[in-house]
Number of protein chains: 2
Amino acid sequence: MKRNPSIRQVASVAGVSVATISRVLNDKGPVRDSTRDRVLAAIESMGYVPHSAARSLSTRRTMSFGILLPEVHGEFFSELIRGIDLAARRSGYHLLVSSSHSDPAEAQAVLHALHGRVDGLIVMTPGNGKVSPPTRFPLGVPVVELSSRIPSKLNDSIRIDNRGGARSATEHLLDLGHRRLAMICGPPENSDAHDRQLGFAEALFDHGVALDPALLLPGDFRELSGFRAGSAIADLQHRPTAVFAANDAMAVGCLSALRGRGLRIPEDVALAGFDDIPIARFLTPGLTSVRVAIAELGARATERLLAAIEGGSTSPRHHEIVPATLVVRGSTSNPTNPLRGNEP
Amino acid sequence: MKRNPSIRQVASVAGVSVATISRVLNDKGPVRDSTRDRVLAAIESMGYVPHSAARSLSTRRTMSFGILLPEVHGEFFSELIRGIDLAARRSGYHLLVSSSHSDPAEAQAVLHALHGRVDGLIVMTPGNGKVSPPTRFPLGVPVVELSSRIPSKLNDSIRIDNRGGARSATEHLLDLGHRRLAMICGPPENSDAHDRQLGFAEALFDHGVALDPALLLPGDFRELSGFRAGSAIADLQHRPTAVFAANDAMAVGCLSALRGRGLRIPEDVALAGFDDIPIARFLTPGLTSVRVAIAELGARATERLLAAIEGGSTSPRHHEIVPATLVVRGSTSNPTNPLRGNEP
DNA sequence: CTCGTTACTGTAACCGGTTACAGCATCACC
DNA sequence: GGTGATGCTGTAACCGGTTACAGTAACGAG
């Protein structure tokens, strides 16, 4: 591997000083046209590319920021990254991604390694109650927290309206006349899962419907756990007439299990999910779900972060909540009186 | 935002030289225990974290590498990143991710910005025939190409056995007695899509089955295009008895459309996909698909890259092909004689 | 007591950029 | 001719680490 030329070598070839090279590259300060041409020719011929680390060192700007994600599966992850990446690149920033953090200690180590590499941080905390998320990020950079349960006073945060979304899904089921509702919960330590369960319970309470603890099925946001929960539900003596799954992946698994037991959706059991993943509308019947604009969520987080980076710490902390809206499809609506059909 | 302390400030507080701080941090060279304790105490009390950019500058190692991805949707992306990230972190490396590149010129710009930021590169080229992928990466770092159609002589490459996978899916359908087969193709400029189509055509040819051009439906790897193709197939005068979709997302869409038209799967139309996404087994019926261990693919690519980084350019170029294996489920198998049921 | 060896620590030069400041022409104008 | 303004360019100090090399102290052997 041949070493790339440095700015000093380019300077000597072009017969100018390093300052001039820098000025040409960054369009700063006056440079005579003939000089600029000479410099550009030298750069071109030598295949010179500025060394980012060196540049960051002196400018104190890396033009990139870090993303810390917990163990996230499925569509959510890619949508989020897509939203962030597009927004970041629009402003000339790059992304350092570190995913699949379950251990907070390990996350802390990664955080250290990020010092001097990033101008800001988007952190998605698993946000369980026991292990408190690291409220202080020891780099001197702005941080935006994503869907952390307790919005830190120190950092900006953006959360999904999990509770409201779960509420509207549950109320939708109640409005359809269901009184015996089950919920397939998410991982107990996950704050999104927790809030969705909260919304579910609240809606039941507000409508004076008792919450049978036996109808709170465990799950882990994966398809298989939904399948198991669905099987368990099918086996129940006093079967619920409606099921709310804390996410769509589990709803899919549940749907498969219920179908396998010969139950009809929604006649025998109505089913609603959360996330509105792309395939939700292509299931048979279409899956009623709660929609969150994930890519937009990522874009918003990015814009917040960029504002904080540009603006310094002067601006007050923002705490934003992005809405989650119910999308009704065939898995809940009575087919004899469909609210919406299965057509996408 | 308070500025983090530099190594020189720590040195002055601890009453030692910068060299000693560095030695303590990197476990290099001899340091007296009492000195080490003093240094560690100073580091702790000042909250000192080494500045990565500065370190990279002098060591010529960034301990991170870049990933360039084209516009990729769905499960594939997250699985790939997960595989890469876990393997990378195991070796202490970080990930710079840049996704959603459709424009090669833009990708080139990103590439430049990566100079001095990464020790290596994993590049997934959209790999269309017309726009040749950038064969030369102007950074002096090793590159691993992912699923590029023409494995470059300059770089290592890892490809998915798209052709073989498509072949076995098609042969499976032929073995079941189907003679009129349709295919829902992927984006024409995508090399994966191209190879899958190739495998399909080859299998038909080898079995002496004519390929009706009217049965090659366009698609773009998204669910909706599969739905449209499915609707078109249902409307055909001389309907095919089997459909092979170039990926599972389109198969899901197609399944939905066929179902919507009252066609039974697999009795009226058999259906197979590609990728074996997690929900494939939870559809009703379970979707026959071609399985690729995506996370493992990412891990392999990472290991290759790390080997190249550690080993220098001495080793010969590797060109690896990861297998794609057929998974048969209810969407193709005759239910009166099921090869495998719908149970996950 | 002298010398060599070992164990530890400090000095200063790098890595490759940016930029404050100074220097030098050139030109207009008095 | 002097004077100041203007436009362009170069010098050198920094950013925050690493590390070759030199220096010092202590200790054992001869």
# chains A, B, ... in the order shown; residues from 1 in each chain; ligands from 1

call {"tool": "closest_atom_pairs", "arguments": {"of": "chain A", "to": "chain C", "cutoff": "7 Å", "atoms": "only C-alpha atoms (C1' of nucleotides)", "output": "CSV"}}
result
residue,atom,partner,partner_atom,distance
A:Ser6,CA,C:DG16,C1',6.5
A:His51,CA,C:DG16,C1',6.7
A:Ala54,CA,C:DG17,C1',4.8
A:Arg55,CA,C:DG17,C1',4.8
A:Ser58,CA,C:DT18,C1',5.9
A:Thr59,CA,C:DT18,C1',6.7

call {"tool": "closest_atom_pairs", "arguments": {"of": "chain B", "to": "chain D", "cutoff": "12 Å", "atoms": "only C-alpha atoms (C1' of nucleotides)", "output": "tab-separated table"}}
result
residue	atom	partner	partner_atom	distance
B:Asn4	CA	D:DG16	C1'	11.0
B:Pro5	CA	D:DG16	C1'	9.9
B:Ser6	CA	D:DG16	C1'	6.5
B:Ile7	CA	D:DG16	C1'	7.0
B:Arg8	CA	D:DG16	C1'	8.4
B:Gln9	CA	D:DG16	C1'	10.8
B:Val10	CA	D:DG16	C1'	11.9
B:Val18	CA	D:DG17	C1'	9.1
B:Ala19	CA	D:DT18	C1'	8.0
B:Thr20	CA	D:DT18	C1'	10.9
B:Ile21	CA	D:DG17	C1'	10.5
B:Ser22	CA	D:DT18	C1'	7.5
B:Arg23	CA	D:DT18	C1'	9.3
B:Leu25	CA	D:DT18	C1'	11.3
B:Asn26	CA	D:DT18	C1'	10.1
B:Lys28	CA	D:DT19	C1'	10.4
B:Gly29	CA	D:DT19	C1'	10.5
B:Val49	CA	D:DG16	C1'	11.2
B:Pro50	CA	D:DG17	C1'	7.8
B:His51	CA	D:DG16	C1'	6.6
B:Ser52	CA	D:DG17	C1'	8.2
B:Ala53	CA	D:DG16	C1'	8.2
B:Ala54	CA	D:DG17	C1'	4.8
B:Arg55	CA	D:DG17	C1'	4.7
B:Ser56	CA	D:DG17	C1'	8.1
B:Leu57	CA	D:DG17	C1'	7.7
B:Ser58	CA	D:DT18	C1'	5.9
B:Thr59	CA	D:DT18	C1'	6.7
B:Arg60	CA	D:DT18	C1'	10.3
B:Arg61	CA	D:DT18	C1'	11.6

call {"tool": "write_last_selection", "arguments": {"atoms": "C-alpha atoms", "output": "short mmCIF file (atom, residue, chain, number, x, y, z; two decimals), in the first residue's frame"}}
result
data_model
loop_
_atom_site.label_atom_id
_atom_site.label_comp_id
_atom_site.auth_asym_id
_atom_site.auth_seq_id
_atom_site.Cartn_x
_atom_site.Cartn_y
_atom_site.Cartn_z
CA ASN B 4 -11.67 17.85 27.82
CA PRO B 5 -8.21 17.81 29.37
CA SER B 6 -5.26 16.92 27.17
CA ILE B 7 -2.54 14.47 27.95
CA ARG B 8 -0.18 17.33 28.87
CA GLN B 9 -2.52 18.65 31.51
CA VAL B 10 -2.87 15.21 33.00
CA VAL B 18 3.39 12.84 28.71
CA ALA B 19 5.35 9.79 27.70
CA THR B 20 4.57 8.14 31.00
CA ILE B 21 0.86 8.85 30.63
CA SER B 22 0.94 7.28 27.23
CA ARG B 23 2.83 4.28 28.55
CA LEU B 25 -2.62 4.00 28.88
CA ASN B 26 -1.18 1.62 26.34
CA LYS B 28 3.85 -0.20 26.82
CA GLY B 29 7.23 0.11 28.40
CA VAL B 49 -10.32 10.43 27.76
CA PRO B 50 -7.68 10.19 25.02
CA HIS B 51 -8.44 12.03 21.82
CA SER B 52 -8.89 9.48 19.06
CA ALA B 53 -8.11 11.76 16.17
CA ALA B 54 -4.79 12.73 17.67
CA ARG B 55 -3.96 9.14 18.34
CA SER B 56 -4.87 8.10 14.80
CA LEU B 57 -2.68 10.82 13.42
CA SER B 58 0.46 9.53 15.02
CA THR B 59 -0.24 5.81 14.99
CA ARG B 60 -1.68 5.78 11.47
CA ARG B 61 -4.40 3.54 12.81
#

call {"tool": "select_by_dssp", "arguments": {"residues": "range 239-321 of chain B", "states": "alpha helix (DSSP H)", "output": "MDAnalysis selection string"}}
result
chainID B and resid 248:260 294:311

call {"tool": "write_last_selection", "arguments": {"atoms": "N, CA and C atoms", "output": "PDB file, in the first residue's frame"}}
result
ATOM      1  N   ASP B 248     -38.137 -11.970  -0.737  1.00  0.00           N
ATOM      2  CA  ASP B 248     -39.301 -12.304   0.082  1.00  0.00           C
ATOM      3  C   ASP B 248     -40.287 -11.152   0.195  1.00  0.00           C
ATOM      4  N   ALA B 249     -39.784  -9.940   0.240  1.00  0.00           N
ATOM      5  CA  ALA B 249     -40.688  -8.797   0.354  1.00  0.00           C
ATOM      6  C   ALA B 249     -41.689  -8.811  -0.800  1.00  0.00           C
ATOM      7  N   MET B 250     -41.196  -9.056  -1.992  1.00  0.00           N
ATOM      8  CA  MET B 250     -42.100  -9.105  -3.146  1.00  0.00           C
ATOM      9  C   MET B 250     -42.994 -10.332  -3.084  1.00  0.00           C
ATOM     10  N   ALA B 251     -42.453 -11.421  -2.561  1.00  0.00           N
ATOM     11  CA  ALA B 251     -43.274 -12.624  -2.422  1.00  0.00           C
ATOM     12  C   ALA B 251     -44.453 -12.352  -1.486  1.00  0.00           C
ATOM     13  N   VAL B 252     -44.189 -11.611  -0.417  1.00  0.00           N
ATOM     14  CA  VAL B 252     -45.254 -11.266   0.519  1.00  0.00           C
ATOM     15  C   VAL B 252     -46.337 -10.452  -0.190  1.00  0.00           C
ATOM     16  N   GLY B 253     -45.900  -9.467  -0.965  1.00  0.00           N
ATOM     17  CA  GLY B 253     -46.857  -8.662  -1.709  1.00  0.00           C
ATOM     18  C   GLY B 253     -47.654  -9.501  -2.685  1.00  0.00           C
ATOM     19  N   CYS B 254     -46.957 -10.385  -3.348  1.00  0.00           N
ATOM     20  CA  CYS B 254     -47.596 -11.250  -4.333  1.00  0.00           C
ATOM     21  C   CYS B 254     -48.615 -12.162  -3.661  1.00  0.00           C
ATOM     22  N   LEU B 255     -48.201 -12.732  -2.543  1.00  0.00           N
ATOM     23  CA  LEU B 255     -49.100 -13.599  -1.781  1.00  0.00           C
ATOM     24  C   LEU B 255     -50.395 -12.871  -1.443  1.00  0.00           C
ATOM     25  N   SER B 256     -50.237 -11.643  -0.994  1.00  0.00           N
ATOM     26  CA  SER B 256     -51.391 -10.842  -0.624  1.00  0.00           C
ATOM     27  C   SER B 256     -52.318 -10.621  -1.818  1.00  0.00           C
ATOM     28  N   ALA B 257     -51.731 -10.321  -2.961  1.00  0.00           N
ATOM     29  CA  ALA B 257     -52.527 -10.054  -4.160  1.00  0.00           C
ATOM     30  C   ALA B 257     -53.259 -11.311  -4.629  1.00  0.00           C
ATOM     31  N   LEU B 258     -52.523 -12.427  -4.651  1.00  0.00           N
ATOM     32  CA  LEU B 258     -53.132 -13.673  -5.117  1.00  0.00           C
ATOM     33  C   LEU B 258     -54.293 -14.063  -4.205  1.00  0.00           C
ATOM     34  N   ARG B 259     -54.045 -13.973  -2.908  1.00  0.00           N
ATOM     35  CA  ARG B 259     -55.083 -14.251  -1.928  1.00  0.00           C
ATOM     36  C   ARG B 259     -56.310 -13.368  -2.152  1.00  0.00           C
ATOM     37  N   GLY B 260     -56.019 -12.089  -2.389  1.00  0.00           N
ATOM     38  CA  GLY B 260     -57.102 -11.133  -2.597  1.00  0.00           C
ATOM     39  C   GLY B 260     -57.973 -11.509  -3.779  1.00  0.00           C
ATOM     40  N   ILE B 294     -27.154 -13.761   6.429  1.00  0.00           N
ATOM     41  CA  ILE B 294     -26.699 -12.405   6.149  1.00  0.00           C
ATOM     42  C   ILE B 294     -25.724 -11.908   7.206  1.00  0.00           C
ATOM     43  N   ALA B 295     -26.086 -12.126   8.463  1.00  0.00           N
ATOM     44  CA  ALA B 295     -25.192 -11.675   9.528  1.00  0.00           C
ATOM     45  C   ALA B 295     -23.839 -12.357   9.383  1.00  0.00           C
ATOM     46  N   GLU B 296     -23.873 -13.627   8.999  1.00  0.00           N
ATOM     47  CA  GLU B 296     -22.614 -14.339   8.829  1.00  0.00           C
ATOM     48  C   GLU B 296     -21.844 -13.767   7.641  1.00  0.00           C
ATOM     49  N   LEU B 297     -22.579 -13.414   6.605  1.00  0.00           N
ATOM     50  CA  LEU B 297     -21.952 -12.773   5.455  1.00  0.00           C
ATOM     51  C   LEU B 297     -21.184 -11.533   5.898  1.00  0.00           C
ATOM     52  N   GLY B 298     -21.835 -10.719   6.725  1.00  0.00           N
ATOM     53  CA  GLY B 298     -21.180  -9.517   7.228  1.00  0.00           C
ATOM     54  C   GLY B 298     -19.970  -9.851   8.075  1.00  0.00           C
ATOM     55  N   ALA B 299     -20.105 -10.893   8.894  1.00  0.00           N
ATOM     56  CA  ALA B 299     -18.993 -11.279   9.747  1.00  0.00           C
ATOM     57  C   ALA B 299     -17.812 -11.764   8.911  1.00  0.00           C
ATOM     58  N   ARG B 300     -18.100 -12.533   7.883  1.00  0.00           N
ATOM     59  CA  ARG B 300     -17.026 -13.017   7.007  1.00  0.00           C
ATOM     60  C   ARG B 300     -16.302 -11.864   6.349  1.00  0.00           C
ATOM     61  N   ALA B 301     -17.086 -10.930   5.848  1.00  0.00           N
ATOM     62  CA  ALA B 301     -16.495  -9.765   5.185  1.00  0.00           C
ATOM     63  C   ALA B 301     -15.574  -9.034   6.151  1.00  0.00           C
ATOM     64  N   THR B 302     -16.048  -8.904   7.393  1.00  0.00           N
ATOM     65  CA  THR B 302     -15.263  -8.210   8.406  1.00  0.00           C
ATOM     66  C   THR B 302     -13.960  -8.943   8.684  1.00  0.00           C
ATOM     67  N   GLU B 303     -14.061 -10.248   8.812  1.00  0.00           N
ATOM     68  CA  GLU B 303     -12.846 -11.018   9.090  1.00  0.00           C
ATOM     69  C   GLU B 303     -11.840 -10.886   7.952  1.00  0.00           C
ATOM     70  N   ARG B 304     -12.333 -10.949   6.738  1.00  0.00           N
ATOM     71  CA  ARG B 304     -11.469 -10.760   5.577  1.00  0.00           C
ATOM     72  C   ARG B 304     -10.749  -9.411   5.663  1.00  0.00           C
ATOM     73  N   LEU B 305     -11.546  -8.410   5.936  1.00  0.00           N
ATOM     74  CA  LEU B 305     -11.003  -7.053   5.970  1.00  0.00           C
ATOM     75  C   LEU B 305      -9.951  -6.929   7.068  1.00  0.00           C
ATOM     76  N   LEU B 306     -10.262  -7.446   8.228  1.00  0.00           N
ATOM     77  CA  LEU B 306      -9.322  -7.350   9.341  1.00  0.00           C
ATOM     78  C   LEU B 306      -8.028  -8.081   9.004  1.00  0.00           C
ATOM     79  N   ALA B 307      -8.171  -9.221   8.356  1.00  0.00           N
ATOM     80  CA  ALA B 307      -6.980  -9.964   7.961  1.00  0.00           C
ATOM     81  C   ALA B 307      -6.130  -9.132   7.012  1.00  0.00           C
ATOM     82  N   ALA B 308      -6.789  -8.466   6.085  1.00  0.00           N
ATOM     83  CA  ALA B 308      -6.067  -7.635   5.122  1.00  0.00           C
ATOM     84  C   ALA B 308      -5.403  -6.456   5.818  1.00  0.00           C
ATOM     85  N   ILE B 309      -6.081  -5.893   6.801  1.00  0.00           N
ATOM     86  CA  ILE B 309      -5.519  -4.753   7.523  1.00  0.00           C
ATOM     87  C   ILE B 309      -4.292  -5.184   8.326  1.00  0.00           C
ATOM     88  N   GLU B 310      -4.445  -6.276   9.037  1.00  0.00           N
ATOM     89  CA  GLU B 310      -3.339  -6.751   9.862  1.00  0.00           C
ATOM     90  C   GLU B 310      -2.188  -7.234   8.981  1.00  0.00           C
ATOM     91  N   GLY B 311      -2.547  -7.993   7.959  1.00  0.00           N
ATOM     92  CA  GLY B 311      -1.527  -8.684   7.188  1.00  0.00           C
ATOM     93  C   GLY B 311      -0.864  -7.863   6.106  1.00  0.00           C
TER      94      GLY B 311
END

call {"tool": "closest_residue", "arguments": {"among": "B:Asp119, B:Glu223, B:Glu202, B:Asp37", "to": "chain A", "atoms": "only C-alpha atoms"}}
result
B:Glu223

call {"tool": "select_by_dssp", "arguments": {"residues": "range 163-233 of chain A", "states": "strand (DSSP E or B)", "output": "list in words"}}
result
Leu181, Ala182, Met183, Ile184, Leu216 and Leu217 of chain A

call {"tool": "residues_around", "arguments": {"residues": "Phe244 in chain B", "least_positions_apart": "5", "cutoff": "10 Å", "atoms": "only C-alpha atoms (C1' of nucleotides)", "output": "PyMOL selection string"}}
result
chain B and resi 166+169-170+173+181-185+196-197+200+216+250-251+254+270-274+288-289

call {"tool": "write_last_selection", "arguments": {"atoms": "C-alpha atoms", "output": "short mmCIF file (atom, residue, chain, number, x, y, z; two decimals), in the first residue's frame"}}
result
data_model
loop_
_atom_site.label_atom_id
_atom_site.label_comp_id
_atom_site.auth_asym_id
_atom_site.auth_seq_id
_atom_site.Cartn_x
_atom_site.Cartn_y
_atom_site.Cartn_z
CA ALA B 166 -32.42 -19.21 -7.57
CA ALA B 169 -35.76 -22.77 -5.88
CA THR B 170 -36.72 -23.09 -9.52
CA LEU B 173 -40.83 -25.94 -8.42
CA LEU B 181 -43.41 -20.62 -14.10
CA ALA B 182 -43.44 -16.88 -13.60
CA MET B 183 -40.75 -14.80 -11.99
CA ILE B 184 -41.05 -11.46 -10.24
CA CYS B 185 -37.73 -9.82 -10.99
CA ARG B 196 -31.27 -14.62 -9.49
CA GLN B 197 -32.97 -14.18 -12.81
CA PHE B 200 -34.14 -19.07 -12.83
CA LEU B 216 -41.11 -12.13 -16.31
CA MET B 250 -42.10 -9.11 -3.15
CA ALA B 251 -43.27 -12.62 -2.42
CA CYS B 254 -47.60 -11.25 -4.33
CA ALA B 270 -47.16 -22.19 -5.74
CA LEU B 271 -44.91 -19.39 -4.48
CA ALA B 272 -41.26 -19.17 -3.55
CA GLY B 273 -39.12 -16.24 -2.47
CA PHE B 274 -35.53 -15.39 -1.69
CA THR B 288 -40.65 -21.37 0.72
CA SER B 289 -37.53 -19.32 0.35
#

call {"tool": "closest_residue", "arguments": {"among": "B:Arg281, B:Arg149, B:Arg159, B:His194", "to": "chain A", "atoms": "only C-alpha atoms"}}
result
B:Arg281

call {"tool": "atom_distance", "arguments": {"atom1": "CA of Ile67 in chain A", "atom2": "CA of Ile122 in chain A"}}
result
4.8 Å

call {"tool": "atom_distance", "arguments": {"atom1": "CA of Thr332 in chain B", "atom2": "CA of Phe282 in chain B"}}
result
14.6 Å

call {"tool": "residues_around", "arguments": {"residues": "Val72 in chain A", "least_positions_apart": "4", "cutoff": "8 Å", "atoms": "only C-alpha atoms (C1' of nucleotides)", "output": "NGL selection string"}}
result
:A and (76-77 or 99-100)

call {"tool": "residues_around", "arguments": {"residues": "Ala14 in chain A", "least_positions_apart": "5", "cutoff": "9 Å", "atoms": "only C-alpha atoms (C1' of nucleotides)", "output": "PDB file with C-alpha atoms, in the first residue's frame"}}
result
ATOM      1  CA  GLN A   9       4.544  17.215  -0.633  1.00  0.00           C
ATOM      2  CA  ILE A  21      -2.844  24.531  -0.536  1.00  0.00           C
ATOM      3  CA  THR A  35      -1.682  29.870  -8.375  1.00  0.00           C
ATOM      4  CA  ARG A  38      -1.153  25.221 -10.357  1.00  0.00           C
ATOM      5  CA  VAL A  39      -2.248  23.851  -6.995  1.00  0.00           C
ATOM      6  CA  LEU A  40      -5.258  22.056  -8.370  1.00  0.00           C
ATOM      7  CA  ALA A  41      -3.109  20.503 -11.075  1.00  0.00           C
ATOM      8  CA  ALA A  42      -0.665  19.216  -8.482  1.00  0.00           C
ATOM      9  CA  ILE A  43      -3.469  17.845  -6.331  1.00  0.00           C
TER      10      ILE A  43
END

call {"tool": "residues_around", "arguments": {"residues": "Leu114 in chain B", "least_positions_apart": "4", "cutoff": "9 Å", "atoms": "only C-alpha atoms (C1' of nucleotides)", "output": "short mmCIF file (atom, residue, chain, number, x, y, z; two decimals) with N, CA and C atoms, in the first residue's frame"}}
result
data_model
loop_
_atom_site.label_atom_id
_atom_site.label_comp_id
_atom_site.auth_asym_id
_atom_site.auth_seq_id
_atom_site.Cartn_x
_atom_site.Cartn_y
_atom_site.Cartn_z
N HIS A 51 -6.18 14.44 4.75
CA HIS A 51 -6.27 13.46 5.82
C HIS A 51 -7.23 13.96 6.90
N SER A 52 -8.36 13.27 7.01
CA SER A 52 -9.43 13.77 7.89
C SER A 52 -9.02 13.87 9.34
N HIS A 94 -21.01 12.58 8.66
CA HIS A 94 -20.93 11.13 8.52
C HIS A 94 -21.41 10.45 9.79
N PHE B 65 -13.46 1.07 10.44
CA PHE B 65 -13.52 0.98 8.99
C PHE B 65 -14.89 1.38 8.47
N GLY B 66 -14.91 1.70 7.20
CA GLY B 66 -16.11 2.25 6.60
C GLY B 66 -16.94 1.20 5.88
N LEU B 96 -17.94 3.04 10.44
CA LEU B 96 -18.46 4.26 9.83
C LEU B 96 -19.39 3.83 8.72
N ALA B 109 -17.51 10.88 -3.44
CA ALA B 109 -17.27 12.00 -2.52
C ALA B 109 -17.17 11.49 -1.09
N VAL B 110 -18.06 10.61 -0.74
CA VAL B 110 -18.02 10.04 0.60
C VAL B 110 -16.71 9.32 0.81
N VAL B 118 -10.58 5.84 8.31
CA VAL B 118 -10.79 4.40 8.35
C VAL B 118 -9.53 3.64 7.94
N LEU B 139 -8.09 5.52 -1.41
CA LEU B 139 -7.46 5.58 -0.11
C LEU B 139 -6.47 4.43 -0.07
#

call {"tool": "closest_residue", "arguments": {"among": "A:Ile277, A:Leu198, A:Leu263, A:Leu283", "to": "chain B", "atoms": "only C-alpha atoms"}}
result
A:Leu283

call {"tool": "atom_distance", "arguments": {"atom1": "CA of Arg163 in chain A", "atom2": "CA of Pro188 in chain A"}}
result
15.2 Å
